[in-house]
>>> print(open('work.cif').read())   # mmCIF, C-alpha atoms and all ligand atoms
data_input
#
loop_
_atom_site.label_atom_id
_atom_site.label_comp_id
_atom_site.auth_asym_id
_atom_site.auth_seq_id
_atom_site.Cartn_x
_atom_site.Cartn_y
_atom_site.Cartn_z
CA MET R 1 153.28 99.63 128.11
CA ALA R 2 152.33 100.88 124.68
CA GLN R 3 151.99 104.57 124.18
CA THR R 4 148.41 105.39 122.89
CA THR R 5 148.24 109.16 122.98
CA ALA R 6 148.82 111.80 120.37
CA SER R 7 150.84 109.74 117.98
CA THR R 8 149.99 110.92 114.46
CA LEU R 9 150.68 108.81 111.43
CA SER R 10 151.43 110.60 108.25
CA ILE R 11 148.47 109.63 106.04
CA LEU R 12 148.08 111.88 103.03
CA HIS R 13 144.54 110.89 102.10
CA ARG R 14 142.17 110.51 105.01
CA GLY R 15 138.75 109.61 103.60
CA ARG R 16 137.21 110.33 106.97
CA ARG R 17 137.79 114.08 106.59
CA LEU R 18 134.89 114.27 104.16
CA ARG R 19 132.63 112.11 106.34
CA ARG R 20 132.93 114.24 109.48
CA THR R 21 129.75 116.28 109.38
CA ALA R 22 126.36 116.11 107.70
CA GLY R 23 127.17 119.27 105.76
CA ILE R 24 130.43 117.95 104.34
CA ARG R 25 128.85 114.59 103.50
CA SER R 26 126.09 116.39 101.65
CA LEU R 27 128.55 118.46 99.61
CA VAL R 28 130.45 115.43 98.35
CA ARG R 29 127.44 113.15 97.84
CA GLU R 30 127.53 111.60 94.37
CA THR R 31 123.98 110.36 94.01
CA ARG R 32 120.89 112.34 94.87
CA LEU R 33 117.44 110.95 95.26
CA SER R 34 114.57 113.12 94.28
CA PRO R 35 110.82 112.54 93.82
CA ASP R 36 111.03 113.86 90.28
CA THR R 37 112.71 110.62 89.22
CA PHE R 38 109.88 108.45 90.57
CA LEU R 39 107.10 106.84 88.60
CA TYR R 40 104.20 105.61 90.73
CA PRO R 41 102.41 102.35 89.75
CA LEU R 42 98.64 102.22 90.38
CA PHE R 43 96.05 99.46 89.97
CA VAL R 44 92.76 100.61 88.45
CA CYS R 45 89.61 98.60 89.20
CA PRO R 46 85.94 99.04 88.29
CA GLY R 47 83.52 100.91 90.55
CA GLN R 48 83.41 104.16 92.47
CA GLY R 49 85.01 105.08 95.74
CA VAL R 50 86.88 101.75 95.84
CA ARG R 51 90.14 101.61 97.80
CA ARG R 52 90.96 97.96 98.46
CA GLU R 53 94.30 97.20 100.08
CA VAL R 54 96.39 94.40 98.54
CA SER R 55 97.09 92.03 101.42
CA SER R 56 100.63 91.16 100.33
CA MET R 57 101.49 94.81 99.62
CA PRO R 58 100.64 96.98 102.64
CA GLY R 59 100.05 100.57 101.53
CA VAL R 60 99.14 99.56 97.96
CA PHE R 61 95.50 99.62 96.85
CA GLN R 62 93.28 98.62 93.99
CA LEU R 63 91.63 101.93 93.16
CA SER R 64 88.56 102.89 91.18
CA VAL R 65 88.96 105.62 88.56
CA ASP R 66 87.93 108.48 90.88
CA GLU R 67 90.44 107.27 93.49
CA VAL R 68 93.17 106.95 90.85
CA VAL R 69 92.60 110.57 89.91
CA ALA R 70 92.83 111.67 93.55
CA GLU R 71 95.90 109.51 94.27
CA SER R 72 97.72 110.71 91.15
CA ALA R 73 97.02 114.36 91.99
CA ALA R 74 98.28 113.85 95.55
CA ALA R 75 101.45 112.19 94.24
CA HIS R 76 101.98 114.98 91.76
CA ALA R 77 101.63 117.56 94.53
CA GLU R 78 104.43 115.71 96.35
CA GLY R 79 106.73 116.11 93.35
CA ILE R 80 106.15 112.82 91.52
CA PRO R 81 105.74 113.56 87.80
CA GLY R 82 103.80 110.52 86.67
CA VAL R 83 101.90 107.30 87.23
CA LEU R 84 101.98 103.88 85.58
CA LEU R 85 98.52 102.33 85.28
CA PHE R 86 97.59 98.63 85.46
CA GLY R 87 94.05 97.44 84.91
CA LEU R 88 91.69 95.01 86.62
CA PRO R 89 88.94 94.43 84.07
CA ASP R 90 85.50 93.16 85.10
CA ARG R 91 85.64 90.43 82.46
CA LYS R 92 88.39 88.23 81.08
CA ASP R 93 88.51 85.96 78.03
CA ASP R 94 91.10 83.76 76.38
CA VAL R 95 92.31 86.49 73.99
CA GLY R 96 92.38 89.32 76.54
CA SER R 97 89.98 91.52 74.59
CA ALA R 98 89.28 93.79 77.59
CA ALA R 99 92.85 95.05 77.14
CA TYR R 100 91.64 97.23 74.26
CA ASP R 101 88.12 98.00 75.44
CA PRO R 102 87.81 101.80 75.37
CA ASP R 103 85.57 101.66 78.44
CA ALA R 104 87.81 99.39 80.54
CA PRO R 105 89.31 100.76 83.77
CA VAL R 106 92.70 101.87 82.36
CA GLN R 107 91.30 103.72 79.34
CA THR R 108 88.64 105.36 81.52
CA ALA R 109 91.24 106.38 84.09
CA VAL R 110 93.53 107.85 81.43
CA ARG R 111 90.72 110.04 80.10
CA ALA R 112 89.63 111.13 83.58
CA LEU R 113 93.17 111.86 84.67
CA LYS R 114 94.06 113.80 81.54
CA GLN R 115 90.91 115.87 81.92
CA ALA R 116 91.36 116.63 85.63
CA HIS R 117 95.16 116.86 85.82
CA PRO R 118 96.75 117.14 82.37
CA GLU R 119 100.12 117.83 84.01
CA VAL R 120 100.37 114.28 85.38
CA VAL R 121 102.43 112.14 82.98
CA VAL R 122 100.38 109.02 82.29
CA PHE R 123 102.14 105.76 81.47
CA THR R 124 100.08 102.64 80.78
CA ASP R 125 101.19 99.03 81.10
CA VAL R 126 100.55 97.09 77.91
CA CYS R 127 100.19 93.34 78.49
CA LEU R 128 97.50 90.69 78.30
CA CYS R 129 98.06 88.85 81.57
CA GLU R 130 95.58 90.97 83.51
CA TYR R 131 92.98 90.41 80.78
CA THR R 132 93.25 86.73 79.82
CA SER R 133 91.18 84.08 81.61
CA HIS R 134 94.30 81.88 81.85
CA GLY R 135 96.55 84.71 83.15
CA HIS R 136 99.16 84.37 80.41
CA CYS R 137 100.72 87.40 78.76
CA GLY R 138 99.64 86.23 75.32
CA LEU R 139 97.40 83.98 73.28
CA VAL R 140 97.88 80.31 74.05
CA ILE R 141 97.92 78.16 70.91
CA ASP R 142 98.77 74.44 71.18
CA GLY R 143 99.99 74.99 74.73
CA GLU R 144 102.43 77.74 73.76
CA ILE R 145 102.31 81.53 73.95
CA ALA R 146 102.00 82.48 70.29
CA ASN R 147 104.21 85.46 69.61
CA ASP R 148 102.85 87.18 66.51
CA PRO R 149 99.12 86.91 67.24
CA THR R 150 99.88 88.24 70.72
CA VAL R 151 101.70 91.23 69.24
CA GLU R 152 98.54 92.06 67.27
CA GLN R 153 96.55 92.14 70.50
CA LEU R 154 99.20 94.27 72.24
CA VAL R 155 99.09 96.74 69.37
CA ARG R 156 95.32 97.08 69.85
CA ALA R 157 95.82 97.71 73.56
CA ALA R 158 98.55 100.30 73.02
CA VAL R 159 96.49 102.13 70.39
CA SER R 160 93.48 102.23 72.74
CA HIS R 161 95.66 103.72 75.50
CA ALA R 162 97.00 106.35 73.09
CA ALA R 163 93.46 107.14 71.93
CA ALA R 164 92.46 107.70 75.58
CA GLY R 165 95.32 110.17 75.94
CA ALA R 166 98.25 108.22 77.44
CA ASP R 167 101.62 109.97 77.20
CA VAL R 168 103.67 106.77 77.26
CA VAL R 169 102.69 103.17 76.53
CA SER R 170 104.74 100.51 78.19
CA PRO R 171 104.76 96.95 76.83
CA SER R 172 105.66 94.47 79.59
CA ASP R 173 104.93 91.23 77.76
CA MET R 174 108.40 90.34 76.35
CA MET R 175 107.06 89.21 72.97
CA ASP R 176 109.51 89.66 70.08
CA GLY R 177 108.91 92.55 67.73
CA ARG R 178 106.23 94.32 69.75
CA VAL R 179 108.00 97.66 70.04
CA ALA R 180 108.29 98.07 66.26
CA ALA R 181 104.71 96.94 65.74
CA ILE R 182 103.39 99.36 68.36
CA ARG R 183 105.51 102.24 67.02
CA HIS R 184 104.28 101.62 63.52
CA ALA R 185 100.61 101.41 64.54
CA LEU R 186 100.81 104.56 66.68
CA ASP R 187 102.43 106.56 63.89
CA GLU R 188 99.92 105.35 61.35
CA ARG R 189 97.07 106.67 63.48
CA GLY R 190 98.53 110.07 64.28
CA TYR R 191 99.94 109.19 67.72
CA GLU R 192 103.55 109.87 66.76
CA HIS R 193 103.88 112.01 69.94
CA VAL R 194 103.10 109.04 72.21
CA ALA R 195 106.31 107.55 73.60
CA ILE R 196 107.17 103.91 74.28
CA MET R 197 108.86 102.70 77.46
CA SER R 198 109.71 99.07 76.81
CA TYR R 199 110.24 96.51 79.51
CA ALA R 200 113.38 95.63 77.54
CA ALA R 201 115.22 93.37 79.99
CA LYS R 202 112.48 91.79 82.01
CA TYR R 203 113.51 88.71 83.92
CA CYS R 204 111.45 85.68 84.89
CA SER R 205 111.48 86.58 88.55
CA ALA R 206 109.97 85.24 91.76
CA PHE R 207 109.73 88.83 92.94
CA TYR R 208 106.54 89.49 90.95
CA GLY R 209 104.46 87.34 93.33
CA PRO R 210 102.61 90.09 95.22
CA PHE R 211 101.89 91.99 91.97
CA ARG R 212 99.99 88.99 90.67
CA GLU R 213 97.69 89.27 93.68
CA ALA R 214 97.35 93.03 93.13
CA ALA R 215 96.60 92.65 89.42
CA ALA R 216 94.89 89.23 89.62
CA SER R 217 97.22 88.04 86.86
CA ALA R 218 98.83 84.81 88.04
CA PRO R 219 98.98 82.20 85.25
CA SER R 220 96.53 79.36 85.92
CA PHE R 221 99.05 76.83 84.51
CA GLY R 222 102.69 76.93 83.49
CA ASP R 223 104.95 79.93 83.94
CA ARG R 224 106.51 82.81 81.99
CA ARG R 225 109.88 81.23 81.20
CA SER R 226 109.24 81.02 77.45
CA HIS R 227 109.26 84.82 77.12
CA GLN R 228 110.73 86.45 80.25
CA MET R 229 114.52 86.31 80.57
CA ASP R 230 116.63 83.79 82.47
CA PRO R 231 117.97 85.52 85.63
CA ALA R 232 121.43 84.17 84.86
CA ASN R 233 121.90 86.22 81.67
CA VAL R 234 123.37 89.66 81.10
CA ASP R 235 124.74 89.63 77.51
CA GLU R 236 121.24 88.70 76.45
CA ALA R 237 119.86 91.73 78.29
CA LEU R 238 122.11 93.99 76.24
CA ARG R 239 120.85 92.35 73.04
CA GLU R 240 117.24 92.79 74.14
CA VAL R 241 117.80 96.45 74.97
CA LYS R 242 119.63 97.08 71.69
CA GLN R 243 116.82 95.53 69.72
CA ASP R 244 114.14 97.56 71.51
CA ILE R 245 116.08 100.78 70.89
CA GLU R 246 116.41 99.87 67.22
CA GLU R 247 112.68 99.15 67.09
CA GLY R 248 111.90 102.62 68.41
CA ALA R 249 111.73 102.46 72.22
CA ASP R 250 112.14 105.89 73.82
CA ILE R 251 112.88 104.57 77.32
CA VAL R 252 114.22 101.13 78.17
CA MET R 253 113.62 99.31 81.41
CA VAL R 254 115.40 96.74 83.54
CA LYS R 255 113.18 94.72 85.84
CA PRO R 256 113.39 93.77 88.71
CA ALA R 257 115.83 96.31 90.19
CA MET R 258 117.62 95.18 93.36
CA ALA R 259 118.89 91.82 92.20
CA TYR R 260 119.74 93.20 88.73
CA LEU R 261 121.76 96.33 89.51
CA ASP R 262 124.68 95.01 87.46
CA VAL R 263 122.39 94.69 84.45
CA LEU R 264 121.05 98.19 85.01
CA SER R 265 124.53 99.62 85.24
CA LYS R 266 125.65 97.90 82.04
CA VAL R 267 122.56 98.98 80.14
CA LYS R 268 123.05 102.61 81.14
CA ASP R 269 126.80 102.52 80.41
CA THR R 270 126.41 100.76 77.08
CA PHE R 271 123.57 102.75 75.55
CA GLY R 272 123.41 106.04 77.47
CA TYR R 273 119.68 105.89 76.85
CA PRO R 274 116.83 107.01 79.14
CA THR R 275 116.69 104.05 81.48
CA ALA R 276 114.06 102.98 83.98
CA ALA R 277 114.33 100.39 86.74
CA TYR R 278 111.29 98.69 88.25
CA HIS R 279 111.55 98.19 92.00
CA VAL R 280 108.98 95.40 91.88
CA SER R 281 106.27 94.16 94.20
CA GLY R 282 108.31 91.44 95.91
CA GLU R 283 111.14 93.85 96.65
CA TYR R 284 108.63 96.24 98.21
CA SER R 285 106.82 93.54 100.17
CA MET R 286 110.06 92.13 101.62
CA LEU R 287 110.94 95.50 103.10
CA LYS R 288 107.38 96.00 104.37
CA ALA R 289 107.32 92.55 105.99
CA ALA R 290 110.70 92.93 107.67
CA ALA R 291 109.73 96.39 108.90
CA ARG R 292 106.47 95.08 110.35
CA HIS R 293 108.45 92.57 112.38
CA GLY R 294 110.72 95.35 113.58
CA TRP R 295 113.68 93.68 111.85
CA ILE R 296 114.78 96.64 109.78
CA ASP R 297 114.48 100.40 109.92
CA GLU R 298 112.07 100.87 107.00
CA PRO R 299 112.71 104.53 106.07
CA ARG R 300 116.46 103.97 105.99
CA ALA R 301 116.22 100.67 104.12
CA MET R 302 113.82 102.23 101.61
CA LEU R 303 116.02 105.24 100.88
CA GLU R 304 119.16 103.11 100.74
CA THR R 305 117.49 100.80 98.22
CA LEU R 306 116.23 103.63 96.02
CA THR R 307 119.62 105.36 96.19
CA ALA R 308 121.34 102.16 95.08
CA ILE R 309 119.00 101.85 92.10
CA ARG R 310 119.76 105.43 91.12
CA ARG R 311 123.50 104.97 91.69
CA ALA R 312 123.47 101.95 89.37
CA GLY R 313 122.15 104.13 86.54
CA ALA R 314 118.37 104.52 86.67
CA ASP R 315 116.97 107.78 85.37
CA ILE R 316 113.47 106.69 86.34
CA ILE R 317 112.63 104.55 89.37
CA ILE R 318 109.28 102.82 89.26
CA THR R 319 108.34 102.15 92.86
CA TYR R 320 105.36 101.53 95.12
CA TYR R 321 107.33 103.54 97.67
CA ALA R 322 107.13 106.70 95.52
CA ARG R 323 104.87 108.67 97.86
CA GLU R 324 106.46 107.46 101.10
CA ALA R 325 109.91 108.29 99.78
CA ALA R 326 108.80 111.65 98.39
CA ARG R 327 107.40 112.63 101.78
CA LEU R 328 110.64 111.72 103.51
CA LEU R 329 112.75 113.54 100.95
CA GLY R 330 110.51 116.59 100.88
C1 LIG G 1 102.66 92.21 83.48
C2 LIG G 1 103.54 92.77 84.54
C3 LIG G 1 104.06 92.15 85.68
C4 LIG G 1 104.71 93.15 86.41
C5 LIG G 1 104.60 94.32 85.69
N1 LIG G 1 103.89 94.06 84.52
C6 LIG G 1 103.92 90.78 86.19
C7 LIG G 1 104.44 89.62 85.46
O1 LIG G 1 105.22 89.73 84.52
O2 LIG G 1 104.02 88.54 85.85
C8 LIG G 1 105.37 92.97 87.75
C9 LIG G 1 105.43 94.19 88.59
C10 LIG G 1 105.72 93.94 90.03
O3 LIG G 1 105.99 92.81 90.47
O4 LIG G 1 105.67 94.93 90.79
N2 LIG G 1 103.23 91.34 82.59
#
>>> encode(input="work.cif", output="structure tokens")
Amino acid sequence: MAQTTASTLSILHRGRRLRRTAGIRSLVRETRLSPDTFLYPLFVCPGQGVRREVSSMPGVFQLSVDEVVAESAAAHAEGIPGVLLFGLPDRKDDVGSAAYDPDAPVQTAVRALKQAHPEVVVFTDVCLCEYTSHGHCGLVIDGEIANDPTVEQLVRAAVSHAAAGADVVSPSDMMDGRVAAIRHALDERGYEHVAIMSYAAKYCSAFYGPFREAAASAPSFGDRRSHQMDPANVDEALREVKQDIEEGADIVMVKPAMAYLDVLSKVKDTFGYPTAAYHVSGEYSMLKAAARHGWIDEPRAMLETLTAIRRAGADIIITYYAREAARLLG
């Protein structure tokens, strides 16, 4: 019979020594998650006292301006430095002109927020898809998204956000040359202090589905393959990021996050630049759905996911889970 007691192998490095207790594990932990790295996306709609839950995104709401102010303040009190605002205008047209209407929901929310809580860092999403009647991110000319005329519209939107008091404007459209055009226009008008976070490597992803319900921005025909990146490419992502940095981006973003951690890691390693990752709607909704079925432990899965995004190199994590995670971490 084999002897099973007290035989001790001579193993110099036993990794398990540092996994023995919670205290030891905490001392050697390499990646820390903290609410002050979160950016909280919010959907601003017209009206007063409106708090309408998005059916495909439990826990996420379309909020009127007063509710956005309250939600942002509550998030800030939980340690989250800033919010990223998306707008639901009350009118749409084929050039997306509500994107630069000074009285549209986003611009109104920025002013209200900056007045009530100037300490909240306000980022605004700059795109046309929420504002065009056809749901495309740009002007459609001869069946194609026309790059340069779209950039002109994006510049108008970014300038109107800066005029309302936004700290950071964030173009998510993936048109060529928009970062330089926005930088130039902001500087010309005295908004040289307003930063740009560019959605630099934004992929054409199926994981944006629930967002398009939240922001009412699904394209009525076609798709976004002519401007958003092919999920198969990573060298191209590095070129996109490089170009946006050269054009004047202050923060670069990789989006989505979970399925693109390799891209995120390369971007951070290559450029050492302030880097954001967007944990997008579909990634959030998948966890919510599985949790509702009792198939996963949601708090653990959420923190594991956010930790992985941070470990891969994100300085900023944009996530609908910001408040839930902050409460657990706090
Ligand atoms: C707008 C925009 C989208 C997202 C952020 N900005 C949708 C899209 O490109 O269709 C997606 C965010 C998410 O899924 O959470 N262009």
>>> atom_distance(input="work.cif", atom1="CA of Val65 (chain R)", atom2="CA of Arg51 (chain R)")
10.1 Å
>>> residues_near_point(input="work.cif", point="(100.4, 97.6, 76.5)", cutoff="12 Å", atoms="only C-alpha atoms", output="tab-separated table (two decimals) with C-alpha atoms, in the coordinates of the input")
chain	number	residue	atom	x	y	z
R	84	LEU	CA	101.98	103.88	85.58
R	85	LEU	CA	98.52	102.33	85.28
R	86	PHE	CA	97.59	98.63	85.46
R	87	GLY	CA	94.05	97.44	84.91
R	96	GLY	CA	92.38	89.32	76.54
R	98	ALA	CA	89.28	93.79	77.59
R	99	ALA	CA	92.85	95.05	77.14
R	100	TYR	CA	91.64	97.23	74.26
R	106	VAL	CA	92.70	101.87	82.36
R	107	GLN	CA	91.30	103.72	79.34
R	123	PHE	CA	102.14	105.76	81.47
R	124	THR	CA	100.08	102.64	80.78
R	125	ASP	CA	101.19	99.03	81.10
R	126	VAL	CA	100.55	97.09	77.91
R	127	CYS	CA	100.19	93.34	78.49
R	128	LEU	CA	97.50	90.69	78.30
R	129	CYS	CA	98.06	88.85	81.57
R	130	GLU	CA	95.58	90.97	83.51
R	131	TYR	CA	92.98	90.41	80.78
R	137	CYS	CA	100.72	87.40	78.76
R	138	GLY	CA	99.64	86.23	75.32
R	150	THR	CA	99.88	88.24	70.72
R	151	VAL	CA	101.70	91.23	69.24
R	152	GLU	CA	98.54	92.06	67.27
R	153	GLN	CA	96.55	92.14	70.50
R	154	LEU	CA	99.20	94.27	72.24
R	155	VAL	CA	99.09	96.74	69.37
R	156	ARG	CA	95.32	97.08	69.85
R	157	ALA	CA	95.82	97.71	73.56
R	158	ALA	CA	98.55	100.30	73.02
R	159	VAL	CA	96.49	102.13	70.39
R	160	SER	CA	93.48	102.23	72.74
R	161	HIS	CA	95.66	103.72	75.50
R	162	ALA	CA	97.00	106.35	73.09
R	166	ALA	CA	98.25	108.22	77.44
R	168	VAL	CA	103.67	106.77	77.26
R	169	VAL	CA	102.69	103.17	76.53
R	170	SER	CA	104.74	100.51	78.19
R	171	PRO	CA	104.76	96.95	76.83
R	172	SER	CA	105.66	94.47	79.59
R	173	ASP	CA	104.93	91.23	77.76
R	174	MET	CA	108.40	90.34	76.35
R	175	MET	CA	107.06	89.21	72.97
R	178	ARG	CA	106.23	94.32	69.75
R	179	VAL	CA	108.00	97.66	70.04
R	181	ALA	CA	104.71	96.94	65.74
R	182	ILE	CA	103.39	99.36	68.36
R	183	ARG	CA	105.51	102.24	67.02
R	195	ALA	CA	106.31	107.55	73.60
R	196	ILE	CA	107.17	103.91	74.28
R	197	MET	CA	108.86	102.70	77.46
R	198	SER	CA	109.71	99.07	76.81
R	199	TYR	CA	110.24	96.51	79.51
>>> residues_near_point(input="work.cif", point="(112.5, 99.9, 91.7)", cutoff="7 Å", atoms="all atoms listed in the file", output="mmCIF file with C-alpha atoms, keeping the file's coordinate frame")
data_model
loop_
_atom_site.group_PDB
_atom_site.id
_atom_site.type_symbol
_atom_site.label_atom_id
_atom_site.label_comp_id
_atom_site.auth_asym_id
_atom_site.auth_seq_id
_atom_site.Cartn_x
_atom_site.Cartn_y
_atom_site.Cartn_z
ATOM 1 C CA PRO R 256 113.390 93.770 88.710
ATOM 2 C CA ALA R 257 115.830 96.310 90.190
ATOM 3 C CA ALA R 277 114.330 100.390 86.740
ATOM 4 C CA TYR R 278 111.290 98.690 88.250
ATOM 5 C CA HIS R 279 111.550 98.190 92.000
ATOM 6 C CA VAL R 280 108.980 95.400 91.880
ATOM 7 C CA LEU R 306 116.230 103.630 96.020
ATOM 8 C CA ILE R 309 119.000 101.850 92.100
ATOM 9 C CA ILE R 317 112.630 104.550 89.370
ATOM 10 C CA ILE R 318 109.280 102.820 89.260
ATOM 11 C CA THR R 319 108.340 102.150 92.860
#
>>> closest_residue(input="work.cif", among="R:Lys268, R:Arg212, R:Arg29, R:Arg225", to="ligand LIG 1 (chain G)", atoms="all atoms listed in the file")
R:Arg212
>>> closest_residue(input="work.cif", among="R:Ile145, R:Ala70, R:Ala259, R:Ile251", to="Thr275 (chain R)", atoms="only C-alpha atoms")
R:Ile251
>>> closest_residue(input="work.cif", among="R:Ile80, R:Ala326, R:Ala185, R:Val254", to="ligand LIG 1 (chain G)", atoms="all atoms listed in the file")
R:Val254
>>> atom_distance(input="work.cif", atom1="atom C5 of ligand LIG 1 (chain G)", atom2="CA of Asn147 (chain R)")
18.4 Å
>>> atom_distance(input="work.cif", atom1="CA of Ser72 (chain R)", atom2="CA of Asp244 (chain R)")
28.8 Å
>>> decode(input="work.cif", residues="region 127-149 of chain R", atoms="N, CA and C atoms", output="CSV table (one decimal), in the first residue's frame")
chain,number,residue,atom,x,y,z
R,127,CYS,N,-21.9,62.1,-31.7
R,127,CYS,CA,-22.2,61.2,-32.9
R,127,CYS,C,-23.5,61.7,-33.4
R,128,LEU,N,-23.9,61.2,-34.6
R,128,LEU,CA,-25.2,61.7,-35.2
R,128,LEU,C,-26.2,60.6,-35.1
R,129,CYS,N,-25.9,59.3,-34.7
R,129,CYS,CA,-26.8,58.3,-34.9
R,129,CYS,C,-28.1,58.4,-34.0
R,130,GLU,N,-27.9,59.1,-32.9
R,130,GLU,CA,-29.1,59.3,-32.1
R,130,GLU,C,-30.0,60.4,-32.6
R,131,TYR,N,-29.5,61.2,-33.6
R,131,TYR,CA,-30.1,62.4,-34.0
R,131,TYR,C,-30.6,62.3,-35.5
R,132,THR,N,-30.2,61.3,-36.2
R,132,THR,CA,-30.6,61.2,-37.6
R,132,THR,C,-31.9,60.3,-37.7
R,133,SER,N,-32.8,60.7,-38.7
R,133,SER,CA,-34.0,60.0,-38.8
R,133,SER,C,-33.7,58.5,-39.3
R,134,HIS,N,-32.6,58.3,-40.0
R,134,HIS,CA,-32.3,57.0,-40.5
R,134,HIS,C,-31.4,56.2,-39.6
R,135,GLY,N,-30.9,56.9,-38.5
R,135,GLY,CA,-30.1,56.1,-37.5
R,135,GLY,C,-28.7,55.9,-37.8
R,136,HIS,N,-28.2,56.5,-38.9
R,136,HIS,CA,-26.8,56.4,-39.3
R,136,HIS,C,-26.0,57.4,-38.5
R,137,CYS,N,-24.7,57.1,-38.4
R,137,CYS,CA,-23.8,58.0,-37.7
R,137,CYS,C,-23.3,59.2,-38.5
R,138,GLY,N,-23.8,59.3,-39.7
R,138,GLY,CA,-23.4,60.4,-40.6
R,138,GLY,C,-24.5,60.7,-41.6
R,139,LEU,N,-24.1,61.7,-42.5
R,139,LEU,CA,-25.0,62.1,-43.6
R,139,LEU,C,-24.9,61.0,-44.6
R,140,VAL,N,-26.1,60.6,-45.1
R,140,VAL,CA,-26.1,59.6,-46.2
R,140,VAL,C,-26.3,60.3,-47.5
R,141,ILE,N,-25.3,60.1,-48.4
R,141,ILE,CA,-25.3,60.7,-49.7
R,141,ILE,C,-25.0,59.6,-50.7
R,142,ASP,N,-26.0,59.4,-51.7
R,142,ASP,CA,-25.9,58.3,-52.6
R,142,ASP,C,-25.7,57.0,-52.0
R,143,GLY,N,-26.4,56.8,-50.9
R,143,GLY,CA,-26.4,55.5,-50.2
R,143,GLY,C,-25.2,55.2,-49.4
R,144,GLU,N,-24.3,56.2,-49.3
R,144,GLU,CA,-23.1,56.0,-48.5
R,144,GLU,C,-23.0,57.1,-47.4
R,145,ILE,N,-22.3,56.7,-46.3
R,145,ILE,CA,-22.1,57.7,-45.2
R,145,ILE,C,-20.9,58.6,-45.7
R,146,ALA,N,-21.3,59.9,-45.9
R,146,ALA,CA,-20.3,60.8,-46.5
R,146,ALA,C,-19.4,61.3,-45.4
R,147,ASN,N,-18.1,61.1,-45.5
R,147,ASN,CA,-17.2,61.4,-44.4
R,147,ASN,C,-17.1,62.9,-44.0
R,148,ASP,N,-16.7,63.7,-45.0
R,148,ASP,CA,-16.3,65.0,-44.7
R,148,ASP,C,-17.5,65.9,-44.3
R,149,PRO,N,-18.6,65.8,-45.0
R,149,PRO,CA,-19.8,66.6,-44.5
R,149,PRO,C,-20.2,66.1,-43.1
